[in-house]
Amino acid sequence: MQGYVHSIETMGTVDGPGLRYVVFTAGCPLRCKYCHNPDTWNIQNGKKMSVSEILDDFEHYRPFLKNGGLTVSGGEPLIQLDFIISLFKQAKERNIHTCLDTSGAFFTRDNSGRLKKFEMLTEVVDLVLLDVKHIDKQKYFELTAGNLNETLFF
Ligand code: SF4
């Protein structure tokens, strides 16, 4: 399984508990006015990487990350749902703590196939950092050009 990766940070300190290996995925459906990483918006700007490639690289840093783990951020990771499930599933098999940093955009209860995959995701993720950009629906749209319902339903 391969995914589009924007960049990797090998010693993240603000993306979950402890020191984290942070995979920033490419592609995001939101257009936040304050976005500090617009170069993540286009999935095609990412580099194709396999799950094993990422986890084998993680192993090089494991001694430093023993009280932390693996975080996937973006961009918006949920647009590569199959890749994230596969990455976290194999991370758990290697006894790695998994954390998802998401805006919740792209979540839906209307598509049973996607909902099933979200259920699979919950089985392999230890921690979700849900970034609610604004609590007011209209202001959320003005700020992100997205739909607050997707975030709140997550
Ligand atoms: S969700 Fe994150 S990456 Fe996407 S536009 Fe907003 S700040 Fe940028």
# chains A, B, ... in the order shown; residues from 1 in each chain; ligands from 1
>>> residues_around(residues="region 65-75 of chain A", least_positions_apart="6", cutoff="8 Å", atoms="only C-alpha atoms", output="JSON list (two decimals) with C-alpha atoms, in the first residue's frame")
[["chain", "number", "residue", "atom", "x", "y", "z"],
["A", 6, "HIS", "CA", 4.37, 15.72, 1.83],
["A", 11, "MET", "CA", 11.30, 14.48, 16.29],
["A", 15, "ASP", "CA", 1.84, 16.30, 17.69],
["A", 16, "GLY", "CA", 0.82, 13.90, 20.46],
["A", 17, "PRO", "CA", 2.37, 12.50, 23.65],
["A", 18, "GLY", "CA", 6.15, 12.19, 23.91],
["A", 19, "LEU", "CA", 8.49, 12.57, 20.98],
["A", 20, "ARG", "CA", 6.79, 11.68, 17.70],
["A", 21, "TYR", "CA", 7.70, 10.55, 14.20],
["A", 22, "VAL", "CA", 5.28, 12.70, 12.20],
["A", 23, "VAL", "CA", 4.12, 11.87, 8.68],
["A", 24, "PHE", "CA", 2.55, 14.88, 6.95],
["A", 25, "THR", "CA", 0.35, 13.54, 4.19],
["A", 26, "ALA", "CA", -0.33, 15.43, 0.97],
["A", 27, "GLY", "CA", -3.77, 16.66, -0.04],
["A", 28, "CYS", "CA", -6.34, 18.75, 1.83],
["A", 37, "ASN", "CA", 1.35, 24.78, 4.74],
["A", 40, "THR", "CA", 0.26, 20.29, 1.22],
["A", 41, "TRP", "CA", -3.06, 21.08, -0.51],
["A", 84, "ILE", "CA", -3.79, 5.47, 6.90],
["A", 91, "ALA", "CA", 2.37, 0.13, 13.15],
["A", 96, "ILE", "CA", 4.02, 1.53, 17.91],
["A", 97, "HIS", "CA", 1.66, 4.13, 19.49],
["A", 98, "THR", "CA", -0.49, 5.68, 16.75],
["A", 99, "CYS", "CA", -1.99, 9.16, 16.65],
["A", 100, "LEU", "CA", -4.14, 10.83, 13.99],
["A", 101, "ASP", "CA", -4.16, 14.61, 13.70],
["A", 102, "THR", "CA", -7.22, 15.53, 11.62]]
>>> residues_near_ligand(ligand="ligand 1", cutoff="12 Å", atoms="only C-alpha atoms and all ligand atoms", output="PyMOL selection string")
chain A and resi 6+24-43+73-79+101-106+130-134+140-141+143-147+151
>>> select_by_dssp(residues="region 53-88 of chain A", states="helix (DSSP H, G or I)", output="list of chain:residue names")
A:Glu53, A:Ile54, A:Leu55, A:Asp56, A:Asp57, A:Phe58, A:Glu59, A:His60, A:Tyr61, A:Arg62, A:Pro63, A:Phe64, A:Pro77, A:Leu78, A:Ile79, A:Gln80, A:Leu81, A:Asp82, A:Phe83, A:Ile84, A:Ile85, A:Ser86, A:Leu87, A:Phe88
>>> closest_residue(among="A:Glu142, A:Asp136, A:Asp82, A:Glu93", to="Lys116 (chain A)", atoms="only C-alpha atoms")
A:Asp82
>>> residues_around(residues="Lys89 (chain A)", least_positions_apart="3", cutoff="9 Å", atoms="only C-alpha atoms", output="PyMOL selection string")
chain A and resi 84-86+92-94+121+123-125
>>> select_by_dssp(residues="chain A", states="strand (DSSP E or B)", output="ChimeraX atom specification")
/A:2-12,20-25,47-50,69-73,98-102,127-130
>>> residues_around(residues="region 47-58 of chain A", least_positions_apart="4", cutoff="7 Å", atoms="only C-alpha atoms", output="PyMOL selection string")
chain A and resi 1-6+21+62+87+91
>>> write_last_selection(atoms="N, CA, C and O atoms", output="PDB file, in the first residue's frame")
ATOM      1  N   MET A   1       0.846  -1.193   0.000  1.00  0.00           N
ATOM      2  CA  MET A   1       0.000   0.000   0.000  1.00  0.00           C
ATOM      3  C   MET A   1       0.887   1.251   0.000  1.00  0.00           C
ATOM      4  O   MET A   1       1.802   1.371   0.790  1.00  0.00           O
ATOM      5  N   GLN A   2       0.587   2.178  -0.907  1.00  0.00           N
ATOM      6  CA  GLN A   2       1.361   3.414  -0.985  1.00  0.00           C
ATOM      7  C   GLN A   2       0.463   4.633  -0.743  1.00  0.00           C
ATOM      8  O   GLN A   2      -0.741   4.577  -0.993  1.00  0.00           O
ATOM      9  N   GLY A   3       1.063   5.696  -0.246  1.00  0.00           N
ATOM     10  CA  GLY A   3       0.333   6.935  -0.049  1.00  0.00           C
ATOM     11  C   GLY A   3       1.182   8.107  -0.496  1.00  0.00           C
ATOM     12  O   GLY A   3       2.377   7.951  -0.773  1.00  0.00           O
ATOM     13  N   TYR A   4       0.553   9.267  -0.554  1.00  0.00           N
ATOM     14  CA  TYR A   4       1.266  10.486  -0.950  1.00  0.00           C
ATOM     15  C   TYR A   4       1.678  11.246   0.307  1.00  0.00           C
ATOM     16  O   TYR A   4       0.832  11.672   1.095  1.00  0.00           O
ATOM     17  N   VAL A   5       2.986  11.399   0.468  1.00  0.00           N
ATOM     18  CA  VAL A   5       3.527  12.017   1.684  1.00  0.00           C
ATOM     19  C   VAL A   5       4.169  13.350   1.324  1.00  0.00           C
ATOM     20  O   VAL A   5       5.006  13.433   0.413  1.00  0.00           O
ATOM     21  N   HIS A   6       3.780  14.401   2.051  1.00  0.00           N
ATOM     22  CA  HIS A   6       4.372  15.721   1.829  1.00  0.00           C
ATOM     23  C   HIS A   6       5.761  15.784   2.448  1.00  0.00           C
ATOM     24  O   HIS A   6       6.733  16.211   1.830  1.00  0.00           O
ATOM     25  N   TYR A  21       7.348  10.624  15.615  1.00  0.00           N
ATOM     26  CA  TYR A  21       7.696  10.552  14.199  1.00  0.00           C
ATOM     27  C   TYR A  21       6.426  10.994  13.466  1.00  0.00           C
ATOM     28  O   TYR A  21       5.392  10.330  13.570  1.00  0.00           O
ATOM     29  N   ARG A  62      13.490   4.697  16.675  1.00  0.00           N
ATOM     30  CA  ARG A  62      12.696   4.110  17.761  1.00  0.00           C
ATOM     31  C   ARG A  62      13.294   4.375  19.148  1.00  0.00           C
ATOM     32  O   ARG A  62      12.561   4.684  20.094  1.00  0.00           O
ATOM     33  N   LEU A  87      -1.238   1.824   7.308  1.00  0.00           N
ATOM     34  CA  LEU A  87      -0.061   2.301   8.050  1.00  0.00           C
ATOM     35  C   LEU A  87      -0.227   2.060   9.549  1.00  0.00           C
ATOM     36  O   LEU A  87       0.675   1.524  10.219  1.00  0.00           O
ATOM     37  N   ALA A  91       1.674  -0.503  12.017  1.00  0.00           N
ATOM     38  CA  ALA A  91       2.371   0.127  13.148  1.00  0.00           C
ATOM     39  C   ALA A  91       1.994  -0.585  14.446  1.00  0.00           C
ATOM     40  O   ALA A  91       2.846  -0.856  15.292  1.00  0.00           O
TER      41      ALA A  91
END
>>> atom_distance(atom1="CA of Thr10 (chain A)", atom2="CA of Glu119 (chain A)")
28.3 Å
>>> atom_distance(atom1="CA of Leu148 (chain A)", atom2="CA of Phe88 (chain A)")
26.0 Å
>>> atom_distance(atom1="CA of Ile8 (chain A)", atom2="CA of Gly46 (chain A)")
11.2 Å
